[in-house]
Amino acid sequence: MTSRTDLACPRPPCQTMDREYFLVTIAPLKQHKGRRSNDMEAMILVGGRGTRLEPLTDTRPKPLVALLNAPILESIIQHLKDEGVDRITLLTGYHADDLRQYAGSGNRWGVTVEYLQERTPLGTAGSVIRALDLKPRQDPFLVVSGDGLTNISFAHFYHQCQAQSAHAAILLAQSVEPQRYGVVHTDAHGYVRSFEEKPTHAPTPAWINTGIYYIDPRQLATLPHNTPLDFGRQVFPRWVAEQRPFLGIRSEGYWTDIGTIQSYHQAIDDILDETVLLAGVIRYPVNVNGQPNPAGRATVYIDPTAHISPRATIGPYSVIGPHAYVGDRARIDHSIVRAYARIEAGASLQNAIVAEHSIVSVNATLSDGVVIGEACQIGESVHLPPDTHLPAFTTCTTFESMRPQEAGGNHVAIHVSASAPVLHTPQSA
């Protein structure tokens with residue numbers, strides 16, 4: 001990780017625009033040197049609740065969920081910077097202060113970061129329109145989803161849109177799960193002719209909406225203001241119905257979203273086996289406890305600050321985060337252990353995720369698909385069956401079978417401490 005000294009920069013008073021929304025600029029520690037002629041501006045959509053990624057998002061916004069050594073947002077901002085973007089606005093909502101604390105002024109990336117915090121959710125398009133109301137822009141800009149990972153060139157996308165005199169464009173990627181996204185059909189010239197949000201039935205593979213857009217501000221002028229509005233559900237279908245020209249630009253590069261536990265786990269697998277090389281993500285520390293990596297394989301990430309017992313087993317496609325502990329005879333297979341988590345002696349994880357500061361006690365077993373939220377404690381010899389998800393700050397002592405009248409997940413005998421403090425994970429996590 002790079003230095004976090006910019007976080008010490010005191011926050012200036014917020015410029016309050018109205019009761020529901022306000023724009024915040026955090027002054028950088030130093031002036032950025034000379035702007036290039038091809039500078040671009042971007043807005044990153046980071047306001048969502050991330051419910052499909054619970055319990056990992058119980059205590060943090062989705063863009064701050066860690067990949068290997070850094071959160072999703074780190075890769076997005078670094079990639080934007082590498083592609084020539086020097087001004088970024090984060091459109092925040094859920095856990096806005098955590099996002100502001102992490103990104104600060106943007107100085108450590110060499111960019112300027114501003115924040116629009118919305119108290120009432122306005123949707124993807126509504127929040128962009130509100131940002132333009134507070135700070136009008138004349139030039140086209142990029143809109144980037146805060147839960148997407150890609151190595152596609154933003155600069156190439158931007159300049160291709162300019163070369164075709166586009167007023168708006170969607171970056172498209174192919175997907176074998178088009179029902180999760182907006183399916184886009186274009187004509188021979190690349191103009192969007194149909195847009196269907198999350199269709200029940202669609203041929204596979206299909207070209208889908210990545211949540212990355214090129215927008216000329218004038219294209220949004222006729223849309224309602226201060227109204228919840230979503231690009232995929234309302235704006236793009238409206239533009240198609242009005243026969244308003246906008247482009248769908250296809251890319252063969254890597255793209256995925258981190259919208260679900262399954263897609264999050266898959267993205268980490270892709271990083272570990274180098275299916276994709278992402279900006280801001282360090283892959284393989286060469287040693288642990290001062291010794292060669294005991295896993296002996298490239299498809300494992302073990303943070304240099306983690307403590308691994310010599311008799312622990314770390315299987316392929318596993319991640320051990322900063323200051324995590326893995327005890328004697330513990331076994332980690334295709335699992336993710338986050339910062340400051342403890343896996344005690346004899347515990348076993350199979351295709352599981354253990355969030356920051358959680359403890360899996362002696363001889364406990366986490367089966368396929370188990371996800372443990374932040375600061376949980378799993379008791380000694382407890383066995384959690386497949387697909388159990390425990391909310392943050394849960395203490396689990398025994399497992400009870402699911403009662404027939406209760407559908408939708410496993411049930412555990414738990415004690416939840418209502419007074420448990422919120423633990424703030426170090427930003428490197």
# chains A, B, ... in the order shown; residues from 1 in each chain; ligands from 1

call {"tool": "closest_atom_pairs", "arguments": {"of": "segment 296-342 of chain A", "to": "segment 260-283 of chain A", "cutoff": "7 Å", "atoms": "only C-alpha atoms", "output": "JSON lines"}}
result
{"residue": "A:Thr299", "atom": "CA", "partner": "A:Leu272", "partner_atom": "CA", "distance": 4.8}
{"residue": "A:Val300", "atom": "CA", "partner": "A:Leu272", "partner_atom": "CA", "distance": 6.5}
{"residue": "A:Tyr301", "atom": "CA", "partner": "A:Arg283", "partner_atom": "CA", "distance": 6.3}
{"residue": "A:Tyr317", "atom": "CA", "partner": "A:Asp269", "partner_atom": "CA", "distance": 6.0}

call {"tool": "residues_around", "arguments": {"residues": "Pro245 of chain A", "least_positions_apart": "2", "cutoff": "12 Å", "atoms": "only C-alpha atoms", "output": "PyMOL selection string"}}
result
chain A and resi 164-170+186-187+189-194+219+236-243+247-248

call {"tool": "closest_residue", "arguments": {"among": "A:Thr92, A:Thr204, A:Asn226, A:Gln377", "to": "Thr398 of chain A", "atoms": "only C-alpha atoms"}}
result
A:Gln377

call {"tool": "closest_residue", "arguments": {"among": "A:Val143, A:Thr124, A:Glu54, A:Asp39", "to": "Val371 of chain A", "atoms": "only C-alpha atoms"}}
result
A:Glu54

call {"tool": "residues_around", "arguments": {"residues": "Glu380 of chain A", "least_positions_apart": "3", "cutoff": "9 Å", "atoms": "only C-alpha atoms", "output": "PyMOL selection string"}}
result
chain A and resi 347+360-364+383+397

call {"tool": "write_last_selection", "arguments": {"atoms": "N, CA and C atoms", "output": "PDB file, in the first residue's frame"}}
result
ATOM      1  N   ALA A 347      -9.076 -25.626  13.275  1.00  0.00           N
ATOM      2  CA  ALA A 347     -10.265 -25.148  12.561  1.00  0.00           C
ATOM      3  C   ALA A 347     -10.113 -25.422  11.071  1.00  0.00           C
ATOM      4  N   VAL A 360     -12.589 -17.753  14.588  1.00  0.00           N
ATOM      5  CA  VAL A 360     -13.090 -19.117  14.398  1.00  0.00           C
ATOM      6  C   VAL A 360     -12.321 -19.987  15.386  1.00  0.00           C
ATOM      7  N   SER A 361     -13.023 -20.495  16.377  1.00  0.00           N
ATOM      8  CA  SER A 361     -12.351 -21.133  17.513  1.00  0.00           C
ATOM      9  C   SER A 361     -11.853 -22.536  17.190  1.00  0.00           C
ATOM     10  N   VAL A 362     -11.204 -23.128  18.171  1.00  0.00           N
ATOM     11  CA  VAL A 362     -10.538 -24.420  18.027  1.00  0.00           C
ATOM     12  C   VAL A 362     -11.500 -25.470  17.472  1.00  0.00           C
ATOM     13  N   ASN A 363     -11.052 -26.166  16.418  1.00  0.00           N
ATOM     14  CA  ASN A 363     -11.761 -27.297  15.809  1.00  0.00           C
ATOM     15  C   ASN A 363     -13.125 -26.936  15.209  1.00  0.00           C
ATOM     16  N   ALA A 364     -13.413 -25.659  15.053  1.00  0.00           N
ATOM     17  CA  ALA A 364     -14.646 -25.271  14.372  1.00  0.00           C
ATOM     18  C   ALA A 364     -14.514 -25.540  12.873  1.00  0.00           C
ATOM     19  N   HIS A 383     -19.907 -26.488  14.051  1.00  0.00           N
ATOM     20  CA  HIS A 383     -19.917 -26.780  12.614  1.00  0.00           C
ATOM     21  C   HIS A 383     -21.011 -25.947  11.960  1.00  0.00           C
ATOM     22  N   THR A 397     -22.706 -20.239  19.127  1.00  0.00           N
ATOM     23  CA  THR A 397     -22.243 -21.303  20.023  1.00  0.00           C
ATOM     24  C   THR A 397     -22.665 -22.691  19.578  1.00  0.00           C
TER      25      THR A 397
END

call {"tool": "select_by_dssp", "arguments": {"residues": "segment 289-408 of chain A", "states": "strand (DSSP E or B)", "output": "PyMOL selection string"}}
result
chain A and resi 291-292+300-302+307-308+313-314+318-320+325-326+331-333+336-337+342-343+348-350+353-354+359-360+365-366+371-372+377-378+383-384+389-390+394-400

call {"tool": "write_last_selection", "arguments": {"atoms": "N, CA and C atoms", "output": "compact mmCIF listing (two decimals), in the first residue's frame"}}
result
# COMPACT_ATOMS: atom_id res chain seq x y z
N GLN A 291 9.60 -16.58 6.26
CA GLN A 291 9.99 -17.79 5.54
C GLN A 291 9.28 -17.84 4.19
N PRO A 292 9.75 -18.70 3.28
CA PRO A 292 9.06 -18.84 1.99
C PRO A 292 7.59 -19.19 2.21
N VAL A 300 -2.22 -18.30 -4.25
CA VAL A 300 -2.48 -17.97 -2.85
C VAL A 300 -1.93 -16.57 -2.58
N TYR A 301 -2.69 -15.79 -1.81
CA TYR A 301 -2.16 -14.51 -1.33
C TYR A 301 -2.08 -14.58 0.19
N ILE A 302 -0.89 -14.39 0.73
CA ILE A 302 -0.68 -14.30 2.17
C ILE A 302 0.00 -12.98 2.46
N HIS A 307 0.28 -14.11 10.42
CA HIS A 307 1.04 -15.12 11.15
C HIS A 307 0.41 -16.48 10.86
N ILE A 308 1.20 -17.36 10.24
CA ILE A 308 0.72 -18.68 9.85
C ILE A 308 1.53 -19.73 10.59
N THR A 313 -2.31 -25.59 7.00
CA THR A 313 -2.37 -25.90 5.57
C THR A 313 -3.17 -24.82 4.87
N ILE A 314 -2.53 -24.16 3.91
CA ILE A 314 -3.19 -23.12 3.12
C ILE A 314 -3.34 -23.65 1.70
N SER A 318 -6.69 -19.21 -1.91
CA SER A 318 -6.97 -18.71 -0.58
C SER A 318 -6.30 -17.36 -0.38
N VAL A 319 -6.89 -16.53 0.48
CA VAL A 319 -6.37 -15.21 0.80
C VAL A 319 -6.27 -15.09 2.32
N ILE A 320 -5.11 -14.71 2.81
CA ILE A 320 -4.91 -14.45 4.23
C ILE A 320 -4.51 -12.98 4.37
N TYR A 325 -4.33 -14.41 11.74
CA TYR A 325 -3.64 -15.49 12.43
C TYR A 325 -4.28 -16.82 12.01
N VAL A 326 -3.44 -17.79 11.65
CA VAL A 326 -3.91 -19.13 11.32
C VAL A 326 -3.13 -20.11 12.19
N ARG A 331 -6.81 -25.62 8.65
CA ARG A 331 -6.80 -25.88 7.21
C ARG A 331 -7.68 -24.85 6.51
N ILE A 332 -7.10 -24.18 5.52
CA ILE A 332 -7.80 -23.15 4.75
C ILE A 332 -7.81 -23.58 3.29
N ASP A 333 -8.98 -23.88 2.75
CA ASP A 333 -9.10 -24.30 1.35
C ASP A 333 -10.03 -23.34 0.61
N ILE A 336 -11.24 -17.13 2.20
CA ILE A 336 -10.74 -15.77 2.38
C ILE A 336 -10.78 -15.43 3.86
N VAL A 337 -9.64 -15.08 4.42
CA VAL A 337 -9.52 -14.70 5.83
C VAL A 337 -9.05 -13.26 5.85
N ARG A 342 -8.88 -14.41 13.24
CA ARG A 342 -8.12 -15.48 13.87
C ARG A 342 -8.78 -16.81 13.55
N ILE A 343 -8.00 -17.72 12.99
CA ILE A 343 -8.44 -19.09 12.74
C ILE A 343 -7.64 -19.97 13.69
N SER A 348 -11.26 -25.52 10.39
CA SER A 348 -11.25 -25.86 8.97
C SER A 348 -12.20 -24.95 8.20
N LEU A 349 -11.72 -24.38 7.10
CA LEU A 349 -12.53 -23.53 6.23
C LEU A 349 -12.50 -24.12 4.83
N GLN A 350 -13.66 -24.29 4.24
CA GLN A 350 -13.77 -24.79 2.88
C GLN A 350 -14.67 -23.86 2.08
N ILE A 353 -15.69 -17.46 3.79
CA ILE A 353 -15.15 -16.11 3.95
C ILE A 353 -15.30 -15.71 5.41
N VAL A 354 -14.21 -15.25 6.01
CA VAL A 354 -14.23 -14.77 7.39
C VAL A 354 -13.81 -13.31 7.36
N ILE A 359 -13.34 -14.40 14.87
CA ILE A 359 -12.58 -15.51 15.46
C ILE A 359 -13.31 -16.81 15.16
N VAL A 360 -12.59 -17.75 14.59
CA VAL A 360 -13.09 -19.12 14.40
C VAL A 360 -12.32 -19.99 15.39
N THR A 365 -15.67 -25.74 12.20
CA THR A 365 -15.68 -26.06 10.77
C THR A 365 -16.65 -25.14 10.04
N LEU A 366 -16.15 -24.49 9.00
CA LEU A 366 -16.99 -23.65 8.14
C LEU A 366 -17.07 -24.33 6.79
N VAL A 371 -20.26 -17.57 5.09
CA VAL A 371 -19.72 -16.22 5.13
C VAL A 371 -19.96 -15.65 6.53
N ILE A 372 -18.88 -15.21 7.18
CA ILE A 372 -18.92 -14.69 8.54
C ILE A 372 -18.65 -13.19 8.47
N GLN A 377 -17.79 -14.33 16.45
CA GLN A 377 -17.04 -15.36 17.15
C GLN A 377 -17.76 -16.69 16.99
N ILE A 378 -17.04 -17.66 16.43
CA ILE A 378 -17.58 -19.01 16.24
C ILE A 378 -16.99 -19.90 17.32
N HIS A 383 -19.91 -26.49 14.05
CA HIS A 383 -19.92 -26.78 12.61
C HIS A 383 -21.01 -25.95 11.96
N LEU A 384 -20.63 -25.08 11.04
CA LEU A 384 -21.61 -24.30 10.29
C LEU A 384 -21.80 -24.94 8.92
N HIS A 389 -24.81 -17.68 6.49
CA HIS A 389 -24.30 -16.30 6.51
C HIS A 389 -24.60 -15.71 7.89
N LEU A 390 -23.56 -15.26 8.59
CA LEU A 390 -23.73 -14.69 9.91
C LEU A 390 -23.50 -13.18 9.86
N THR A 394 -21.86 -11.25 15.55
CA THR A 394 -22.62 -12.41 16.00
C THR A 394 -21.70 -13.37 16.75
N THR A 395 -22.18 -13.89 17.89
CA THR A 395 -21.50 -14.96 18.59
C THR A 395 -22.31 -16.23 18.40
N CYS A 396 -21.70 -17.25 17.82
CA CYS A 396 -22.40 -18.49 17.49
C CYS A 396 -21.83 -19.62 18.33
N THR A 397 -22.71 -20.24 19.13
CA THR A 397 -22.24 -21.30 20.02
C THR A 397 -22.66 -22.69 19.58
N THR A 398 -23.85 -22.82 18.98
CA THR A 398 -24.32 -24.12 18.48
C THR A 398 -25.10 -23.88 17.20
N PHE A 399 -25.32 -24.97 16.46
CA PHE A 399 -26.13 -24.88 15.26
C PHE A 399 -27.41 -25.68 15.43
N GLU A 400 -28.53 -25.08 15.06
CA GLU A 400 -29.82 -25.77 15.10
C GLU A 400 -30.29 -26.01 13.67

call {"tool": "closest_residue", "arguments": {"among": "A:Ala202, A:Ala352, A:Leu223, A:Leu171", "to": "Val183 of chain A", "atoms": "only C-alpha atoms"}}
result
A:Ala202

call {"tool": "closest_residue", "arguments": {"among": "A:Gly110, A:Pro391, A:Gly148, A:Gly48", "to": "Gly84 of chain A", "atoms": "only C-alpha atoms"}}
result
A:Gly110

call {"tool": "atom_distance", "arguments": {"atom1": "atom CA of Pro322 of chain A", "atom2": "atom CA of Ala355 of chain A"}}
result
11.7 Å

call {"tool": "residues_around", "arguments": {"residues": "Asp82 of chain A", "least_positions_apart": "4", "cutoff": "12 Å", "atoms": "only C-alpha atoms", "output": "PyMOL selection string"}}
result
chain A and resi 39-40+75-78+86+109-111+151-155+278-280

call {"tool": "atom_distance", "arguments": {"atom1": "atom CA of Phe393 of chain A", "atom2": "atom CA of Glu344 of chain A"}}
result
18.1 Å

call {"tool": "residues_around", "arguments": {"residues": "Ala125 of chain A", "least_positions_apart": "6", "cutoff": "12 Å", "atoms": "only C-alpha atoms", "output": "JSON, numbers by chain"}}
result
{"A": [43, 44, 45, 91, 131, 132, 143, 144, 145, 211, 213, 215, 217, 219, 220, 221, 223, 224, 225, 226, 227, 228, 229, 230, 231, 232, 233, 234, 235, 236]}

call {"tool": "write_last_selection", "arguments": {"atoms": "C-alpha atoms", "output": "short mmCIF file (atom, residue, chain, number, x, y, z; two decimals), in the first residue's frame"}}
result
data_model
loop_
_atom_site.label_atom_id
_atom_site.label_comp_id
_atom_site.auth_asym_id
_atom_site.auth_seq_id
_atom_site.Cartn_x
_atom_site.Cartn_y
_atom_site.Cartn_z
CA MET A 43 -18.01 10.23 -11.26
CA ILE A 44 -17.93 6.98 -9.28
CA LEU A 45 -21.26 5.60 -8.03
CA LEU A 91 -21.37 9.96 -5.25
CA ALA A 131 -24.06 16.42 -8.94
CA LEU A 132 -24.39 18.47 -12.13
CA VAL A 143 -19.63 7.54 -14.95
CA VAL A 144 -18.19 4.41 -13.32
CA SER A 145 -19.93 1.88 -11.09
CA GLY A 211 -22.28 0.47 -15.54
CA TYR A 213 -20.87 5.46 -19.27
CA ILE A 215 -22.09 11.35 -20.73
CA PRO A 217 -24.12 16.90 -19.67
CA GLN A 219 -27.89 14.75 -22.79
CA LEU A 220 -29.34 14.84 -19.26
CA ALA A 221 -30.92 18.29 -19.52
CA LEU A 223 -34.54 14.50 -17.44
CA PRO A 224 -36.33 15.30 -14.15
CA HIS A 225 -34.26 16.70 -11.30
CA ASN A 226 -34.38 15.77 -7.59
CA THR A 227 -36.19 12.56 -8.57
CA PRO A 228 -35.05 8.96 -8.09
CA LEU A 229 -33.91 7.84 -11.53
CA ASP A 230 -31.86 4.89 -12.70
CA PHE A 231 -29.89 4.70 -15.95
CA GLY A 232 -30.74 1.04 -16.58
CA ARG A 233 -34.36 0.94 -15.46
CA GLN A 234 -35.56 4.33 -16.74
CA VAL A 235 -33.10 6.49 -18.68
CA PHE A 236 -31.78 4.09 -21.32
#

call {"tool": "atom_distance", "arguments": {"atom1": "atom CA of Ala341 of chain A", "atom2": "atom CA of Glu356 of chain A"}}
result
5.3 Å
